[in-house]
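Reading through the structure tokens given below for one structure.
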Amino acid sequence: MKTPKELKYTRSHEWVKVESDGTLTVGITDHAQELMGDMVYVELPEVGRKLETGKECAVVESVKAASDVYAPVTGEVSAVNSAVADTPEMVNKDPYGAGWMFKMKSASKADVNGLLDATAYEALVASETH
Amino acid sequence: MPFIPHTDADVKAMLAAIGVASIDQLFEEIPERLRAGKLTQVPEGLGEMDVARLMTARANQDGSYLNFLGAGAYEHHIPAAVWEIVTRGEFYSAYTPYQAEASQGTLQLLYEYQTMMASLTGMDVSNASLYEGASGLAEAVLMAVRAHKKSRRVLMPQTVHPVYRQVVHAIVKNQAIELVELPHDPKGGHTALDALKAHASGDFAALVIPQPNFFGVLEEVDVLTDWAHANHMLVIGLVNPTALAILTPPGAWGTKGADIAVGEGQPLGAPLSSGGPYFGFMCCKQALVRQMPGRIIGATLDKDGKRGYTLTLQAREQHIRRSKATSNICTNQGLVVTAATIYMALLGPEGLERVAATSHANTLALVEKLTAIKGVTRIFNRPVFHETALRLDMPVSDVLRALEAQGIVGGYDLSGHYPQLGQALLVCATETRTPEDIAQYAFHLERIVSKRQLETRRAP
């Protein structure tokens, strides 16, 4: 399981990257894609949609299950990765890179700072698997 | 295998193993007032001989009538082979299998069914069926709202079967979905574009288009479909499967085609049998496949390169997706669908077309005979499929009672659901009605109506 140090994480297995302009890039973690198995479909939010912390905003579907993706913080969707909608297997192959799902703008730095760091996320995963 | 395979001794042993004195004790945490208690309305069990006798007596109450009633359920000829094959053991016990891939025969049948339905409706995909047409329409409304995302309002013409409208309302009302009724055109009996204009840019998720509609009238499906799409709505086609053999399928309506097609599957091989079991069918465009409730069967190759069948797109079903499943119904009407598949296979496209064309011709012949009677007129001037609304100059219920006494079920009394139509009767003649049947109906109706006219004239 990979958990890059520079990223932030949620308890519901999303990762968040703070870009240089403050935009947040969001995807699902390596651990989450491993649990789900081969992805067959990704349903993305529309650009401009208002998101609220912890509310569902996208769906990933694998051969085994369909799961919701939750908004890591409150904000607005500024871009979506339409390439991942056409090739859902990107989420499996490169969850932290080409498999990103959407970008959003958040008004609150505190919200972002409140997310888990890599160490805390690894501890969470360890506790869930025991 | 009996439904409850445990003997008293089994039950005692199990209770002893978990240290509980009685089965009731297992339910103690449920407050008394919430328990259903004894089923007081359910009679004691009966032996097979008694049940057969009771059911024969009940069936005889239905009687044997010359039938001119449609209104959602249609009497068609069902080739004897259909139910002979359906009742074979391999099919008769086959419910939606839990170990699906172990039941290749059932999966193949459903695959064939889905292929036939997609072809008949002109849509990309079909599910493995729903309970019946009315709840199928409700599922289509829920599906359209899910897919649309922005609106929870749906345009529902009055020309949709009134019972369907009630069922849809009952299912969606507590999900904050609003059904907005559209009036029908008083002359044509269809949903006129003028009635829709008030709702342009009115923020709707979908428009329901019945074809033919409840009055048997053909809607202007191309115009309505294009209007709905221009106004950012999905189109739900509510269709009669027999009619599709001679009408434009919903997949080809307007420029882009309907998005969802649903309907009652009973005309495809299911007997009327006092109202059920029937089945609902549902088809849609590829783009909506992940919003469609129910099962889809796929064909693939096994490791030896042989063709095999498998359940696909299960991920959104209830057993995986729980409360967020596309529907809380994850069953289907397997046995009736089996009948429909065999019915369609036996008739083929040409046979189904002949059923549809003969039903249409018989209805036109019936209407010609009946409207030749003084006091009987057609209400609507638009083309029909195999039903027509007639206006009488006396109460319809009186006419139907008098016809019944002559062994004729004369049609459906529209005055209850559509009081604005006055004394209105909906009649139907499928391919099963002969010229003699039609002549007999006309003879008795003329006698009843003229007797009444005579009485009315005599009365001061």
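Residues are named by chain letter and number: chains run A, B, ... in the order of the structure tokens, numbers start at 1 in each chain, and ligands are numbered from 1 in the order shown.
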Next item on the list: Compile the contact shell of Ser67 in chain A as a list in words: residues with an atom at most 9 Å away, counting only C-alpha atoms, same-chain residues fewer than 2 positions apart removed.
Entry: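 So the residues in contact are Met36, Ala58, Val59, Val60, Glu61, Ser62, Ala65 and Val69 of chain A; Ala315 and Arg321 of chain B.
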Just to be explicit: take each residue in the selection above, keep C-alpha atoms, and write the result as a compact mmCIF listing (two decimals), in the first residue's frame.
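Final file, part.txt:
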```txt
# COMPACT_ATOMS: atom_id res chain seq x y z
CA MET A 36 -12.48 -2.47 -4.58
CA ALA A 58 -18.86 10.70 -6.91
CA VAL A 59 -19.23 6.94 -7.40
CA VAL A 60 -16.63 4.33 -8.20
CA GLU A 61 -17.81 0.95 -9.38
CA SER A 62 -15.69 -2.17 -9.60
CA ALA A 65 -19.04 -3.23 -5.64
CA VAL A 69 -16.62 8.97 -2.94
CA ALA B 315 -22.69 -3.76 -8.35
CA ARG B 321 -25.21 -1.43 -2.66
```
Item checked: Exercise answer, chain B residues close to chain A, 9 Å and only C-alpha atoms, as a VMD selection string -> chain B and resid 312 to 316 320 to 321
Notebook entry, point to check: Using only C-alpha atoms, which residues sit within 12 Å of Ser119 in chain B once same-chain residues fewer than 3 positions away are excluded, as a list in words?
Noted result: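 With the cut-off at 12 Å, the set is Glu112, Tyr113, Gln114, Thr115, Met116, Gly122, Met123, Asp124, Val125, Ser126, Pro241, Leu244, Ala245, Thr248, Pro249, Pro250, Gly251, Ala252, Ala261, Cys283, Cys284, Met344, Gly348 and Pro349 of chain B.
Distance-wise, CA of Asp8 in chain B and CA of Ala21 in chain B end up 13.2 Å apart.
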Check: Which of these residues is nearest to Glu14 in chain A, using only C-alpha atoms: A:Met90, A:Ala71, A:Val77, A:Val42?
Finding: A:Ala71
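Considering the residues A:Cys57, A:Ala83, A:Val91, A:Val73 and counting only C-alpha atoms, Glu34 in chain A has its shortest atom-to-atom contact with A:Val91.
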Checklist line | Spatial neighbours of Thr310 in chain B, 6 Å, only C-alpha atoms, chain gap at least 5 places, as a ChimeraX atom specification | finding: /B:101,297-298
Create the file for the chosen residues now, containing C-alpha atoms and written as an mmCIF file, in the first residue's frame.
```cif
data_model
loop_
_atom_site.group_PDB
_atom_site.id
_atom_site.type_symbol
_atom_site.label_atom_id
_atom_site.label_comp_id
_atom_site.auth_asym_id
_atom_site.auth_seq_id
_atom_site.Cartn_x
_atom_site.Cartn_y
_atom_site.Cartn_z
ATOM 1 C CA GLU B 101 -23.746 -18.809 -13.042
ATOM 2 C CA ILE B 297 -27.242 -10.905 -18.332
ATOM 3 C CA GLY B 298 -24.096 -10.882 -20.441
#
```
Item checked: Residue list (alpha helix (DSSP H), DSSP) for range 154-200 of chain B, as an NGL selection string -> :B and (162-172 or 193-197)
Notebook entry, point to check: Quick one: residues within 8 Å of Leu370 in chain B, only C-alpha atoms counted, chain neighbours fewer than 2 positions away excluded, as number ranges by chain?
Noted result: B: 366-368, 372-373, 376, 442, 445-446
Margin query: Neighbouring residues of range 104-114 of chain A were defined as those with any atom within 8 Å, considering only C-alpha atoms; residues of the same chain fewer than 5 positions away were excluded. Please report them as a list in words.
Written below: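 The residues satisfying every condition are Lys8, Gly22, Thr23, Leu24, Thr25, Val26, Val73, Thr74, Gly75, Glu76, Val77, Ser78 and Ala79 of chain A.
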With a cut-off of 12 Å, could you pull out the residues of range 233-260 of chain B touching range 139-153 of chain B and give me the nearest pair of atoms for each, distance in Å to one decimal, using only C-alpha atoms, ordered by chain and ascending number, as a Markdown table?
```
| residue | atom | partner | partner_atom | distance |
| --- | --- | --- | --- | --- |
| B:Met233 | CA | B:His148 | CA | 7.7 |
| B:Leu234 | CA | B:Ala144 | CA | 6.6 |
| B:Val235 | CA | B:Ala144 | CA | 8.4 |
| B:Ile236 | CA | B:Ala140 | CA | 7.0 |
| B:Gly237 | CA | B:Ala140 | CA | 9.3 |
| B:Leu238 | CA | B:Ala140 | CA | 9.4 |
| B:Ala258 | CA | B:Ala144 | CA | 11.5 |
| B:Asp259 | CA | B:Ala144 | CA | 8.7 |
| B:Ile260 | CA | B:Ala140 | CA | 6.9 |
```
Note to self: Could you pull out the strand (DSSP E) residues of range 149-223 of chain B, going by DSSP on the backbone, and write them as a PyMOL selection string?
What the structure shows: chain B and resi 153-157+178-182+206-211
Skipping near chain neighbours, those fewer than 4 positions away, what residues fall within 10 Å of Ala134 in chain B using only C-alpha atoms, listed as a PDB file with N, CA and C atoms, in the first residue's frame?
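As written to disk, result.pdb reads:
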```pdb
ATOM      1  N   GLY B  72     -55.555  -2.107 -20.158  1.00  0.00           N
ATOM      2  CA  GLY B  72     -54.285  -2.425 -19.496  1.00  0.00           C
ATOM      3  C   GLY B  72     -53.925  -3.897 -19.503  1.00  0.00           C
ATOM      4  N   LEU B 130     -39.627  -6.510 -14.209  1.00  0.00           N
ATOM      5  CA  LEU B 130     -40.069  -5.969 -12.920  1.00  0.00           C
ATOM      6  C   LEU B 130     -41.419  -6.607 -12.624  1.00  0.00           C
ATOM      7  N   ALA B 138     -43.188   3.462 -12.166  1.00  0.00           N
ATOM      8  CA  ALA B 138     -42.648   4.148 -10.985  1.00  0.00           C
ATOM      9  C   ALA B 138     -41.124   4.016 -10.948  1.00  0.00           C
ATOM     10  N   GLU B 139     -40.613   2.838 -11.271  1.00  0.00           N
ATOM     11  CA  GLU B 139     -39.157   2.642 -11.310  1.00  0.00           C
ATOM     12  C   GLU B 139     -38.527   3.537 -12.372  1.00  0.00           C
ATOM     13  N   ALA B 140     -39.227   3.697 -13.494  1.00  0.00           N
ATOM     14  CA  ALA B 140     -38.703   4.556 -14.561  1.00  0.00           C
ATOM     15  C   ALA B 140     -38.642   6.010 -14.099  1.00  0.00           C
ATOM     16  N   HIS B 161     -52.566   5.460 -17.970  1.00  0.00           N
ATOM     17  CA  HIS B 161     -53.501   4.625 -17.211  1.00  0.00           C
ATOM     18  C   HIS B 161     -53.710   5.194 -15.794  1.00  0.00           C
ATOM     19  N   PRO B 162     -54.979   5.477 -15.410  1.00  0.00           N
ATOM     20  CA  PRO B 162     -55.211   6.114 -14.105  1.00  0.00           C
ATOM     21  C   PRO B 162     -54.675   5.298 -12.921  1.00  0.00           C
ATOM     22  N   VAL B 163     -54.724   3.981 -13.016  1.00  0.00           N
ATOM     23  CA  VAL B 163     -54.204   3.159 -11.922  1.00  0.00           C
ATOM     24  C   VAL B 163     -52.672   3.246 -11.871  1.00  0.00           C
ATOM     25  N   TYR B 164     -52.047   3.321 -13.022  1.00  0.00           N
ATOM     26  CA  TYR B 164     -50.588   3.501 -13.057  1.00  0.00           C
ATOM     27  C   TYR B 164     -50.213   4.807 -12.355  1.00  0.00           C
ATOM     28  N   ARG B 165     -51.002   5.864 -12.658  1.00  0.00           N
ATOM     29  CA  ARG B 165     -50.698   7.161 -12.032  1.00  0.00           C
ATOM     30  C   ARG B 165     -50.805   7.059 -10.514  1.00  0.00           C
ATOM     31  N   GLN B 166     -51.818   6.320 -10.034  1.00  0.00           N
ATOM     32  CA  GLN B 166     -51.972   6.141  -8.586  1.00  0.00           C
ATOM     33  C   GLN B 166     -50.789   5.378  -7.993  1.00  0.00           C
ATOM     34  N   VAL B 167     -50.375   4.318  -8.675  1.00  0.00           N
ATOM     35  CA  VAL B 167     -49.258   3.503  -8.170  1.00  0.00           C
ATOM     36  C   VAL B 167     -47.971   4.328  -8.135  1.00  0.00           C
ATOM     37  N   VAL B 168     -47.723   5.073  -9.217  1.00  0.00           N
ATOM     38  CA  VAL B 168     -46.509   5.898  -9.262  1.00  0.00           C
ATOM     39  C   VAL B 168     -46.545   6.913  -8.126  1.00  0.00           C
ATOM     40  N   LEU B 238     -44.039   4.788 -22.270  1.00  0.00           N
ATOM     41  CA  LEU B 238     -44.843   3.735 -21.637  1.00  0.00           C
ATOM     42  C   LEU B 238     -45.585   3.039 -22.778  1.00  0.00           C
ATOM     43  N   VAL B 262     -40.795   1.490 -20.812  1.00  0.00           N
ATOM     44  CA  VAL B 262     -41.352   0.546 -19.844  1.00  0.00           C
ATOM     45  C   VAL B 262     -42.747   0.142 -20.290  1.00  0.00           C
ATOM     46  N   GLY B 263     -43.271  -0.888 -19.667  1.00  0.00           N
ATOM     47  CA  GLY B 263     -44.643  -1.263 -19.965  1.00  0.00           C
ATOM     48  C   GLY B 263     -45.029  -2.567 -19.310  1.00  0.00           C
ATOM     49  N   GLU B 264     -46.291  -2.939 -19.567  1.00  0.00           N
ATOM     50  CA  GLU B 264     -46.847  -4.170 -19.037  1.00  0.00           C
ATOM     51  C   GLU B 264     -46.558  -5.289 -20.036  1.00  0.00           C
ATOM     52  N   PHE B 279     -45.947  -9.186 -15.723  1.00  0.00           N
ATOM     53  CA  PHE B 279     -44.585  -8.687 -15.500  1.00  0.00           C
ATOM     54  C   PHE B 279     -44.410  -7.335 -16.162  1.00  0.00           C
ATOM     55  N   GLY B 280     -43.506  -6.552 -15.618  1.00  0.00           N
ATOM     56  CA  GLY B 280     -43.169  -5.269 -16.223  1.00  0.00           C
ATOM     57  C   GLY B 280     -41.865  -5.405 -16.979  1.00  0.00           C
TER      58      GLY B 280
END
```
Notebook entry, point to check: Separation of CA of Leu110 in chain B and CA of Gly305 in chain B, in Å?
Noted result: 21.2 Å
Notebook entry, point to check: Could you work out how far CA of Ala339 in chain B lies from CA of Pro210 in chain B, giving the answer in Å with one decimal?
Noted result: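 Atom-to-atom, CA of Pro210 in chain B to CA of Ala339 in chain B, that is 24.5 Å.
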